[in-house]
Each structure stands twice: as structure tokens, then as C-alpha cells.
>>> print(open('final26.txt').read())   # compact mmCIF, C-alpha atoms
# COMPACT_ATOMS: atom_id res chain seq x y z
CA MET A 1 69.76 3.63 -7.90
CA ASP A 2 69.50 5.99 -10.87
CA LEU A 3 66.61 8.31 -9.96
CA ILE A 4 65.87 9.16 -13.59
CA LEU A 5 65.53 5.47 -14.47
CA ALA A 6 63.38 4.95 -11.38
CA ALA A 7 61.12 7.82 -12.49
CA LYS A 8 60.80 6.24 -15.94
CA ALA A 9 59.87 2.92 -14.32
CA VAL A 10 57.18 4.75 -12.35
CA ILE A 11 55.80 6.34 -15.52
CA LEU A 12 55.54 3.02 -17.36
CA GLY A 13 53.97 1.41 -14.29
CA ILE A 14 51.34 4.15 -14.26
CA VAL A 15 50.64 3.73 -17.97
CA GLU A 16 50.24 -0.04 -17.59
CA GLY A 17 48.00 0.30 -14.55
CA LEU A 18 45.81 2.92 -16.23
CA THR A 19 45.34 1.09 -19.54
CA GLU A 20 45.35 -2.67 -18.86
CA PHE A 21 41.69 -3.01 -17.88
CA ILE A 22 40.01 -0.24 -19.81
CA PRO A 23 39.33 -0.94 -23.51
CA VAL A 24 42.09 1.25 -24.96
CA SER A 25 45.06 -1.14 -25.49
CA SER A 26 47.91 -1.10 -23.02
CA THR A 27 50.24 -2.21 -25.83
CA GLY A 28 49.76 0.96 -27.89
CA HIS A 29 50.17 3.23 -24.90
CA LEU A 30 53.31 1.50 -23.68
CA ILE A 31 54.88 1.71 -27.14
CA VAL A 32 54.38 5.49 -27.19
CA ALA A 33 55.32 6.01 -23.53
CA ASP A 34 58.53 4.00 -23.86
CA ARG A 35 59.47 5.88 -27.03
CA LEU A 36 58.83 9.26 -25.38
CA ILE A 37 60.86 8.61 -22.24
CA GLY A 38 63.53 6.32 -23.74
CA PHE A 39 63.36 3.63 -21.06
CA GLY A 40 64.28 0.81 -23.44
CA GLY A 41 67.28 2.69 -24.73
CA ASP A 42 68.56 3.14 -21.17
CA VAL A 43 68.19 -0.42 -19.90
CA GLY A 44 68.43 -2.47 -23.13
CA LYS A 45 65.77 -4.49 -24.88
CA PRO A 46 66.02 -7.72 -22.79
CA THR A 47 65.54 -5.85 -19.50
CA LYS A 48 62.77 -3.72 -21.01
CA ASP A 49 60.90 -6.80 -22.24
CA LEU A 50 61.13 -8.44 -18.81
CA PHE A 51 60.09 -5.21 -17.10
CA LEU A 52 56.97 -4.95 -19.28
CA VAL A 53 56.01 -8.55 -18.52
CA VAL A 54 56.28 -7.99 -14.76
CA ILE A 55 54.31 -4.74 -14.67
CA GLN A 56 51.53 -6.57 -16.52
CA LEU A 57 51.68 -9.16 -13.74
CA GLY A 58 51.35 -6.33 -11.23
CA ALA A 59 48.16 -5.20 -12.93
CA ILE A 60 46.58 -8.67 -12.85
CA MET A 61 47.53 -9.13 -9.20
CA SER A 62 45.47 -6.02 -8.46
CA VAL A 63 42.38 -7.85 -9.75
CA CYS A 64 43.21 -10.85 -7.57
CA TRP A 65 43.49 -8.54 -4.57
CA TYR A 66 40.34 -6.57 -5.40
CA TYR A 67 38.29 -9.77 -5.67
CA ARG A 68 40.21 -11.69 -2.99
CA ARG A 69 37.17 -12.35 -0.78
CA ARG A 70 35.04 -13.46 -3.71
CA LEU A 71 37.78 -15.67 -5.12
CA LEU A 72 38.30 -17.25 -1.70
CA ASP A 73 34.56 -17.77 -1.36
CA VAL A 74 34.42 -19.47 -4.77
CA ALA A 75 37.34 -21.72 -3.85
CA THR A 76 35.86 -22.76 -0.51
CA THR A 77 32.28 -23.26 -1.72
CA LEU A 78 33.08 -24.93 -5.04
CA PRO A 79 31.79 -28.39 -4.02
CA SER A 80 28.46 -27.09 -2.70
CA ASP A 81 27.54 -23.80 -4.36
CA PRO A 82 26.10 -23.90 -7.93
CA ARG A 83 27.11 -20.26 -8.53
CA SER A 84 30.74 -20.99 -7.65
CA ARG A 85 30.77 -24.05 -9.91
CA ARG A 86 29.17 -22.12 -12.78
CA LEU A 87 31.64 -19.23 -12.55
CA THR A 88 34.62 -21.59 -12.35
CA TRP A 89 33.43 -23.66 -15.32
CA ASN A 90 32.76 -20.51 -17.34
CA LEU A 91 36.27 -19.22 -16.66
CA VAL A 92 37.69 -22.55 -17.82
CA LEU A 93 35.61 -22.34 -21.00
CA GLY A 94 36.67 -18.74 -21.59
CA PHE A 95 40.32 -19.58 -20.96
CA ILE A 96 40.60 -22.56 -23.34
CA PRO A 97 40.30 -20.73 -26.71
CA ALA A 98 42.90 -18.10 -25.77
CA ALA A 99 45.24 -20.74 -24.34
CA VAL A 100 45.07 -22.83 -27.51
CA VAL A 101 45.38 -19.87 -29.88
CA GLY A 102 48.15 -18.35 -27.78
CA LEU A 103 50.23 -21.52 -27.85
CA LEU A 104 49.71 -22.11 -31.57
CA ALA A 105 50.05 -18.52 -32.79
CA HIS A 106 52.52 -17.01 -30.32
CA HIS A 107 55.58 -17.10 -32.56
CA TYR A 108 53.65 -16.12 -35.69
CA VAL A 109 52.18 -13.07 -33.97
CA GLU A 110 55.59 -11.97 -32.65
CA GLU A 111 57.16 -12.38 -36.09
CA HIS A 112 54.44 -10.96 -38.33
CA MET A 113 51.71 -9.11 -36.39
CA LEU A 114 53.50 -7.34 -33.53
CA ARG A 115 54.13 -4.23 -35.60
CA PRO A 116 53.35 -0.58 -34.80
CA GLU A 117 51.16 -0.14 -37.90
CA VAL A 118 49.05 -3.13 -36.82
CA VAL A 119 48.64 -1.63 -33.34
CA ALA A 120 47.64 1.75 -34.82
CA ALA A 121 45.06 0.13 -37.12
CA THR A 122 43.52 -2.07 -34.43
CA LEU A 123 43.35 0.87 -32.04
CA ALA A 124 41.34 2.95 -34.50
CA VAL A 125 39.17 0.13 -35.89
CA GLY A 126 38.46 -1.19 -32.40
CA GLY A 127 37.40 2.29 -31.35
CA ALA A 128 35.01 2.59 -34.29
CA ILE A 129 33.48 -0.79 -33.42
CA LEU A 130 33.09 0.24 -29.79
CA VAL A 131 31.27 3.43 -30.79
CA ALA A 132 29.02 1.46 -33.17
CA VAL A 133 28.18 -1.14 -30.53
CA GLU A 134 27.24 1.53 -28.00
CA ARG A 135 24.96 3.23 -30.54
CA ARG A 136 22.89 0.09 -30.96
CA ALA A 137 19.53 0.05 -29.24
CA TRP A 138 19.72 -3.25 -27.40
CA LYS A 139 18.48 -4.81 -24.19
CA PRO A 140 20.93 -7.08 -22.38
CA VAL A 141 19.84 -10.63 -21.69
CA HIS A 142 22.49 -11.60 -19.14
CA GLU A 143 23.00 -9.41 -16.07
CA ASP A 144 24.96 -11.71 -13.74
CA ALA A 145 28.65 -12.27 -14.53
CA ALA A 146 28.72 -15.39 -12.34
CA MET A 147 25.78 -17.13 -14.05
CA LEU A 148 26.42 -16.71 -17.76
CA PRO A 149 25.39 -19.66 -19.95
CA ALA A 150 28.31 -21.89 -20.93
CA ARG A 151 27.96 -21.00 -24.62
CA VAL A 152 28.22 -17.29 -23.79
CA ALA A 153 31.38 -17.80 -21.70
CA LEU A 154 32.93 -19.83 -24.52
CA ALA A 155 32.02 -17.15 -27.08
CA ILE A 156 33.64 -14.46 -24.91
CA GLY A 157 36.76 -16.62 -24.79
CA VAL A 158 36.76 -16.74 -28.60
CA PHE A 159 36.45 -12.94 -28.76
CA GLN A 160 39.44 -12.72 -26.41
CA CYS A 161 41.54 -14.49 -29.07
CA LEU A 162 41.31 -11.34 -31.21
CA ALA A 163 43.59 -9.59 -28.74
CA ILE A 164 46.18 -12.34 -29.18
CA LEU A 165 46.05 -12.39 -32.97
CA LEU A 166 45.79 -8.61 -33.44
CA PRO A 167 48.04 -6.66 -31.02
CA GLY A 168 46.47 -3.36 -30.06
CA THR A 169 42.95 -4.80 -30.04
CA SER A 170 42.94 -4.73 -26.21
CA ARG A 171 42.10 -7.89 -24.30
CA SER A 172 39.55 -6.08 -22.15
CA GLY A 173 38.12 -4.36 -25.21
CA ALA A 174 37.71 -7.63 -27.12
CA THR A 175 36.03 -9.43 -24.23
CA ILE A 176 33.77 -6.56 -23.17
CA ILE A 177 32.64 -5.64 -26.70
CA GLY A 178 32.20 -9.29 -27.61
CA ALA A 179 30.15 -9.95 -24.49
CA MET A 180 27.91 -6.95 -25.12
CA LEU A 181 27.33 -8.07 -28.73
CA ILE A 182 25.92 -11.38 -27.50
CA GLY A 183 23.62 -9.87 -24.90
CA VAL A 184 25.67 -9.43 -21.72
CA SER A 185 25.08 -6.21 -19.80
CA ARG A 186 27.87 -3.65 -19.70
CA VAL A 187 28.54 -4.18 -15.98
CA ALA A 188 28.46 -7.99 -16.20
CA ALA A 189 30.68 -7.93 -19.30
CA THR A 190 33.23 -5.75 -17.48
CA GLU A 191 33.24 -7.94 -14.38
CA PHE A 192 33.55 -11.18 -16.34
CA SER A 193 36.40 -9.60 -18.32
CA PHE A 194 38.20 -8.93 -15.03
CA PHE A 195 37.73 -12.52 -13.85
CA LEU A 196 38.78 -13.96 -17.21
CA ALA A 197 41.93 -11.83 -17.16
CA ILE A 198 43.24 -13.71 -14.12
CA PRO A 199 43.98 -17.14 -15.68
CA ILE A 200 44.97 -15.93 -19.14
CA MET A 201 47.26 -13.12 -17.95
CA LEU A 202 48.84 -15.24 -15.23
CA ALA A 203 49.56 -17.94 -17.81
CA ALA A 204 50.93 -15.46 -20.36
CA SER A 205 53.05 -13.61 -17.80
CA GLY A 206 54.35 -16.87 -16.35
CA TYR A 207 55.38 -18.07 -19.81
CA ASP A 208 57.14 -14.80 -20.61
CA LEU A 209 58.88 -14.71 -17.23
CA LEU A 210 60.34 -18.15 -17.89
CA LYS A 211 61.40 -17.05 -21.36
CA HIS A 212 63.16 -13.91 -20.06
CA ARG A 213 64.47 -15.25 -16.74
CA ALA A 214 68.07 -15.14 -17.95
CA ASP A 215 67.75 -11.37 -18.45
CA LEU A 216 67.12 -10.69 -14.76
CA THR A 217 69.92 -8.71 -13.12
CA THR A 218 70.25 -6.96 -9.76
CA HIS A 219 70.06 -3.56 -11.47
CA GLY A 220 66.99 -4.54 -13.43
CA LEU A 221 65.36 -6.08 -10.36
CA GLU A 222 65.08 -2.72 -8.61
CA LEU A 223 63.34 -1.13 -11.59
CA ILE A 224 61.08 -4.14 -12.04
CA ALA A 225 60.03 -3.97 -8.38
CA ILE A 226 59.16 -0.28 -8.76
CA GLY A 227 57.14 -0.88 -11.91
CA PHE A 228 55.32 -3.84 -10.36
CA VAL A 229 54.24 -1.94 -7.26
CA VAL A 230 53.17 1.17 -9.19
CA SER A 231 51.23 -0.89 -11.74
CA PHE A 232 49.50 -2.82 -8.95
CA ILE A 233 48.41 0.31 -7.08
CA VAL A 234 47.23 2.22 -10.16
CA ALA A 235 45.41 -0.77 -11.66
CA LEU A 236 43.66 -1.40 -8.34
CA GLY A 237 42.26 2.13 -8.46
CA VAL A 238 41.22 1.72 -12.11
CA VAL A 239 39.33 -1.54 -11.41
CA HIS A 240 37.49 0.10 -8.52
CA TRP A 241 36.63 3.14 -10.65
CA LEU A 242 35.67 1.30 -13.83
CA LEU A 243 33.06 -0.93 -12.21
CA ARG A 244 31.30 2.17 -10.91
CA PHE A 245 31.74 4.10 -14.13
CA VAL A 246 30.13 1.46 -16.38
CA ALA A 247 27.10 1.26 -14.10
CA LYS A 248 26.06 4.74 -15.28
CA HIS A 249 28.04 5.46 -18.46
CA THR A 250 28.71 3.93 -21.86
CA PHE A 251 32.08 3.11 -23.44
CA THR A 252 31.55 5.60 -26.27
CA GLY A 253 34.17 8.00 -24.92
CA PHE A 254 36.74 5.21 -24.87
CA GLY A 255 35.83 4.42 -28.49
CA TRP A 256 36.50 7.97 -29.68
CA TYR A 257 39.69 8.06 -27.64
CA ARG A 258 40.90 4.86 -29.34
CA ILE A 259 40.24 6.35 -32.77
CA ALA A 260 42.23 9.49 -31.89
CA ALA A 261 45.05 7.43 -30.35
CA GLY A 262 45.24 5.17 -33.39
CA LEU A 263 45.46 8.12 -35.75
CA LEU A 264 48.10 9.77 -33.57
CA LEU A 265 50.16 6.57 -33.49
CA ALA A 266 49.83 6.27 -37.29
CA LEU A 267 51.11 9.86 -37.62
CA MET A 268 54.06 9.07 -35.34
CA ILE A 269 54.89 6.01 -37.47
CA TRP A 270 54.63 8.02 -40.69
CA ARG A 271 56.93 10.71 -39.29
CA GLY A 272 59.45 8.06 -38.23
CA PHE A 273 59.07 8.69 -34.50
CA ILE A 274 57.88 5.10 -33.89
CA SER A 275 59.51 2.09 -35.58
CA ALA A 276 59.26 -1.70 -35.40
CA ASP A 277 62.07 -1.70 -32.83
CA ASP A 278 59.82 0.14 -30.39
CA VAL A 279 57.35 -2.76 -30.21
CA HIS A 280 58.11 -5.30 -27.52
CA PRO A 281 57.28 -9.00 -27.77
CA GLY A 282 55.19 -10.83 -25.26
CA HIS A 283 52.82 -8.02 -24.30
>>> encode(input="final26.txt", output="C-alpha cells")
Amino acid sequence: MDLILAAKAVILGIVEGLTEFIPVSSTGHLIVADRLIGFGGDVGKPTKDLFLVVIQLGAIMSVCWYYRRRLLDVATTLPSDPRSRRLTWNLVLGFIPAAVVGLLAHHYVEEHMLRPEVVAATLAVGGAILVAVERRAWKPVHEDAAMLPARVALAIGVFQCLAILLPGTSRSGATIIGAMLIGVSRVAATEFSFFLAIPIMLAASGYDLLKHRADLTTHGLELIAIGFVVSFIVALGVVHWLLRFVAKHTFTGFGWYRIAAGLLLALMIWRGFISADDVHPGH
């Protein structure tokens, strides 16, 4: 195995794991990281696209593992426990808007919206919105992620669609900010965002894996395995940390970071360091 390529796979796995579940846009960070280390140029675009799909899958599997006991409990108590039924129904409601929009708009977004300038703009604008939301004086109405009203879960699912239509918005950012705007506490919004990520990201990754299955080679498989494992481990640590962080801190710092990252990405585009070819479809 090429050790330099393996090191690059590790770097991208770390970037994915660090950014998938915090509201900063994994897409924007992976664009810059890939451009800096030249991974796509080494392995070719088809292998790179497949690699990026699988490391996203590694991140979502970390959530499944982190909540494995709770997910098993929900599955086994579904017929008898009202909390388990409520959470399951809410996840279905939250999943439906993104599934419908994703199926209908997938090709349009890849053709017209998956551009570096769009990612830069949504990074900065999303950061400004996050800062503004955190500056509001508001008292949350909903504190339990498992017992949200059905209309709230559906509304969060609608907010999640923004991340599909506007790459760089950040799926976690859209769901967490949207939930907070309609009265969900910061901790409950973060936890529900984690749960909601499971069906939508599994569906999206499964679709992209089928689409790119012909690009899988023995050489690429080694790199994909490295990226998957690294993404899983790093994302697991981020999930554990973030739930404790939001219990005592706001997201304001993430908002300012997004603004700075968006401006930096815009500068890189203007200087010609980032081009449309650096943006990968399906992520």
C-alpha cells in the first residue's frame, strides 16, 4: 500500500469525522482538505467520490454505535412503550421531507447547486444565522428529544431539506438551528439531529454506494477501509463531546467559525485555488 495515499485517507477520514455532526458543513471542509492534499488527483474522481460516500457512512455508523443500547431498547419496546413509539414516529416524519426532496432534487442539485461558490455562501450565511439565533433571548418549550410533538418533528425534517438544496448548509446545522427556532432546547435539538441523521444518511449513502459500485477496485478498497475506520472513531468522539458541550455552551463560536471559513473559501475560489472540479457529487 502507498503510505502517502494511506496518510491522505486518514486525513480525510479525520476531517469527515470532525465535521459531520457539528454545524460547520463537512462538504466545505472536505473540498478544502482534498484540494490541499491532492487525494482526488492521486486516485481519480470515481474512486474519490466513492471514498467520500463511505467515510460519511463511517460517521453515521458511529452514531448507531453510540446509541446502540437506546436504539435496541426502542426496537424491543416499540409495541408497548409510548416513548419508543413517539420517537420512531417522529423520525419517520422527519425523514419523509428530506427523502422526497432528495429524490426529486438530487440531479438538479448536482448539476446546478453543487458549486464551490454556493458552499462558501451557505457557510457564511449559515454562520450569521447561527450567531443571530443564539443571541435571541428565548426559553425552550421542548426539552425531551424523544417526546417532541409530531408537528415539531415534521418541521425539523423540512429544515433538514435546506442541507439538500443548498450544499454547505450543513445537515446538522439546518436541523439544530431549525429546531431551536421552533422552541426545542439546544441539547434536545442536538440529540434529535443525531437520531434523524441515521435514516437519512443511511439512505443517501446506500443510494450513492449503488451508484458508484462499479468504481470499487482492490486498490481503492484499502483506502476506503482506512477512511471508514478513521471517520468512525473520530466521529464517535465528536458525538460524545458535543452532547456534553451543548449542555453548557452555545453554538455562537461555531457560527463565527462558519463565517470565517466561508470567507476563506470564497478567497480561495477568487484566487483560483478551488474550482468546480474540486466539488464532489453525492456528499
>>> residues_around(input="final26.txt", residues="region 14-22 of chain A", least_positions_apart="6", cutoff="6 Å", atoms="only C-alpha atoms", output="list in words")
Ala59, Ser172, Ser231, Val234 and Ala235 of chain A
>>> closest_residue(input="final26.txt", among="A:Val10, A:Val54, A:Val100, A:Ala266", to="Ala33 (chain A)", atoms="only C-alpha atoms")
A:Val10
>>> residues_near_point(input="final26.txt", point="(58.9, -11.1, -15.4)", cutoff="6 Å", atoms="all atoms listed in the file", output="list in words")
Leu50, Val53, Val54 and Leu209 of chain A
>>> closest_residue(input="final26.txt", among="A:Gly168, A:Pro97, A:Pro140, A:Gly13", to="Leu265 (chain A)", atoms="only C-alpha atoms")
A:Gly168
>>> closest_residue(input="final26.txt", among="A:Cys161, A:Ala9, A:His240, A:Ala145", to="Gly40 (chain A)", atoms="all atoms listed in the file")
A:Ala9
>>> closest_residue(input="final26.txt", among="A:Phe232, A:Lys248, A:Met61, A:Asn90", to="Leu154 (chain A)", atoms="all atoms listed in the file")
A:Asn90
>>> closest_residue(input="final26.txt", among="A:Leu221, A:Val24, A:Val109, A:Leu148", to="Ala6 (chain A)", atoms="only C-alpha atoms")
A:Leu221
>>> residues_around(input="final26.txt", residues="Val125 (chain A)", least_positions_apart="5", cutoff="9 Å", atoms="all atoms listed in the file", output="list of chain:residue names")
A:Ala120, A:Leu130, A:Thr169, A:Arg258, A:Ile259, A:Gly262
>>> closest_residue(input="final26.txt", among="A:Gln160, A:Ala197, A:Tyr207, A:Ala124", to="Trp256 (chain A)", atoms="all atoms listed in the file")
A:Ala124
>>> atom_distance(input="final26.txt", atom1="CA of Pro149 (chain A)", atom2="CA of Ser185 (chain A)")
13.5 Å
>>> atom_distance(input="final26.txt", atom1="CA of Ala132 (chain A)", atom2="CA of Ser26 (chain A)")
21.6 Å
>>> residues_near_point(input="final26.txt", point="(30.5, -23.7, -14.5)", cutoff="12 Å", atoms="only C-alpha atoms", output="VMD selection string")
chain A and resid 74 78 to 79 81 to 94 145 to 154
>>> atom_distance(input="final26.txt", atom1="CA of Lys45 (chain A)", atom2="CA of Ala99 (chain A)")
26.2 Å
>>> residues_around(input="final26.txt", residues="Leu162 (chain A)", least_positions_apart="4", cutoff="9 Å", atoms="all atoms listed in the file", output="MDAnalysis selection string")
chainID A and resid 98 158 166:167 169:171 174:175
>>> residues_around(input="final26.txt", residues="Gly38 (chain A)", least_positions_apart="2", cutoff="12 Å", atoms="all atoms listed in the file", output="ChimeraX atom specification")
/A:4-5,7-9,11-12,30-36,40-45,48,273-274,278
>>> decode(input="final26.txt", residues="region 17-43 of chain A", atoms="N, CA, C and O atoms", output="compact mmCIF listing (two decimals), in the first residue's frame")
# COMPACT_ATOMS: atom_id res chain seq x y z
N GLY A 17 -14.97 12.93 10.14
CA GLY A 17 -15.41 12.61 11.50
C GLY A 17 -15.57 13.85 12.37
O GLY A 17 -16.49 13.93 13.18
N LEU A 18 -14.67 14.82 12.19
CA LEU A 18 -14.73 16.04 12.99
C LEU A 18 -15.91 16.94 12.62
O LEU A 18 -16.47 17.62 13.48
N THR A 19 -16.29 16.96 11.35
CA THR A 19 -17.22 17.99 10.87
C THR A 19 -18.63 17.50 10.55
O THR A 19 -19.51 18.33 10.35
N GLU A 20 -18.86 16.20 10.50
CA GLU A 20 -20.18 15.71 10.07
C GLU A 20 -21.30 16.11 11.03
O GLU A 20 -22.40 16.45 10.59
N PHE A 21 -21.04 16.09 12.32
CA PHE A 21 -22.13 16.29 13.28
C PHE A 21 -22.11 17.62 14.02
O PHE A 21 -22.98 17.91 14.82
N ILE A 22 -21.08 18.43 13.77
CA ILE A 22 -21.12 19.78 14.30
C ILE A 22 -21.58 20.70 13.17
O ILE A 22 -21.38 20.39 12.00
N PRO A 23 -22.21 21.83 13.49
CA PRO A 23 -22.87 22.64 12.46
C PRO A 23 -21.92 23.52 11.66
O PRO A 23 -22.03 24.74 11.64
N VAL A 24 -20.94 22.87 10.97
CA VAL A 24 -19.95 23.66 10.23
C VAL A 24 -19.81 23.25 8.77
O VAL A 24 -19.01 23.84 8.05
N SER A 25 -20.55 22.23 8.31
CA SER A 25 -20.52 21.75 6.93
C SER A 25 -19.31 20.88 6.64
O SER A 25 -18.20 21.37 6.42
N SER A 26 -19.54 19.58 6.60
CA SER A 26 -18.47 18.66 6.23
C SER A 26 -18.10 18.84 4.76
O SER A 26 -16.93 18.67 4.38
N THR A 27 -19.08 19.22 3.92
CA THR A 27 -18.81 19.40 2.50
C THR A 27 -17.72 20.43 2.26
O THR A 27 -16.75 20.18 1.53
N GLY A 28 -17.88 21.62 2.85
CA GLY A 28 -16.89 22.68 2.66
C GLY A 28 -15.51 22.27 3.13
O GLY A 28 -14.50 22.54 2.46
N HIS A 29 -15.44 21.60 4.26
CA HIS A 29 -14.14 21.21 4.80
C HIS A 29 -13.48 20.13 3.95
O HIS A 29 -12.25 20.13 3.78
N LEU A 30 -14.27 19.20 3.43
CA LEU A 30 -13.70 18.16 2.60
C LEU A 30 -13.22 18.70 1.25
O LEU A 30 -12.22 18.23 0.70
N ILE A 31 -13.91 19.70 0.72
CA ILE A 31 -13.47 20.34 -0.52
C ILE A 31 -12.06 20.91 -0.33
O ILE A 31 -11.15 20.68 -1.12
N VAL A 32 -11.90 21.68 0.75
CA VAL A 32 -10.61 22.33 1.01
C VAL A 32 -9.53 21.30 1.33
O VAL A 32 -8.41 21.36 0.81
N ALA A 33 -9.88 20.31 2.19
CA ALA A 33 -8.89 19.31 2.58
C ALA A 33 -8.41 18.50 1.38
O ALA A 33 -7.20 18.26 1.20
N ASP A 34 -9.35 18.09 0.52
CA ASP A 34 -8.97 17.32 -0.66
C ASP A 34 -8.09 18.14 -1.60
O ASP A 34 -7.12 17.64 -2.17
N ARG A 35 -8.42 19.42 -1.73
CA ARG A 35 -7.63 20.30 -2.61
C ARG A 35 -6.21 20.49 -2.05
O ARG A 35 -5.24 20.53 -2.80
N LEU A 36 -6.10 20.59 -0.74
CA LEU A 36 -4.80 20.82 -0.12
C LEU A 36 -3.88 19.61 -0.23
O LEU A 36 -2.67 19.74 -0.46
N ILE A 37 -4.45 18.41 -0.05
CA ILE A 37 -3.60 17.22 -0.03
C ILE A 37 -3.58 16.49 -1.38
O ILE A 37 -2.76 15.58 -1.58
N GLY A 38 -4.48 16.84 -2.29
CA GLY A 38 -4.45 16.25 -3.62
C GLY A 38 -4.87 14.80 -3.69
O GLY A 38 -4.41 14.05 -4.57
N PHE A 39 -5.75 14.36 -2.80
CA PHE A 39 -6.18 12.97 -2.79
C PHE A 39 -6.90 12.59 -4.09
O PHE A 39 -6.62 11.56 -4.71
N GLY A 40 -7.83 13.45 -4.53
CA GLY A 40 -8.57 13.15 -5.75
C GLY A 40 -7.69 13.04 -6.98
O GLY A 40 -7.92 12.21 -7.86
N GLY A 41 -6.67 13.87 -7.04
CA GLY A 41 -5.75 13.81 -8.16
C GLY A 41 -4.95 12.52 -8.18
O GLY A 41 -4.55 12.04 -9.25
N ASP A 42 -4.72 11.93 -7.01
CA ASP A 42 -3.94 10.69 -6.92
C ASP A 42 -4.76 9.46 -7.31
O ASP A 42 -4.26 8.55 -7.97
N VAL A 43 -6.01 9.42 -6.86
CA VAL A 43 -6.80 8.20 -7.03
C VAL A 43 -7.81 8.29 -8.18
O VAL A 43 -8.36 7.28 -8.61
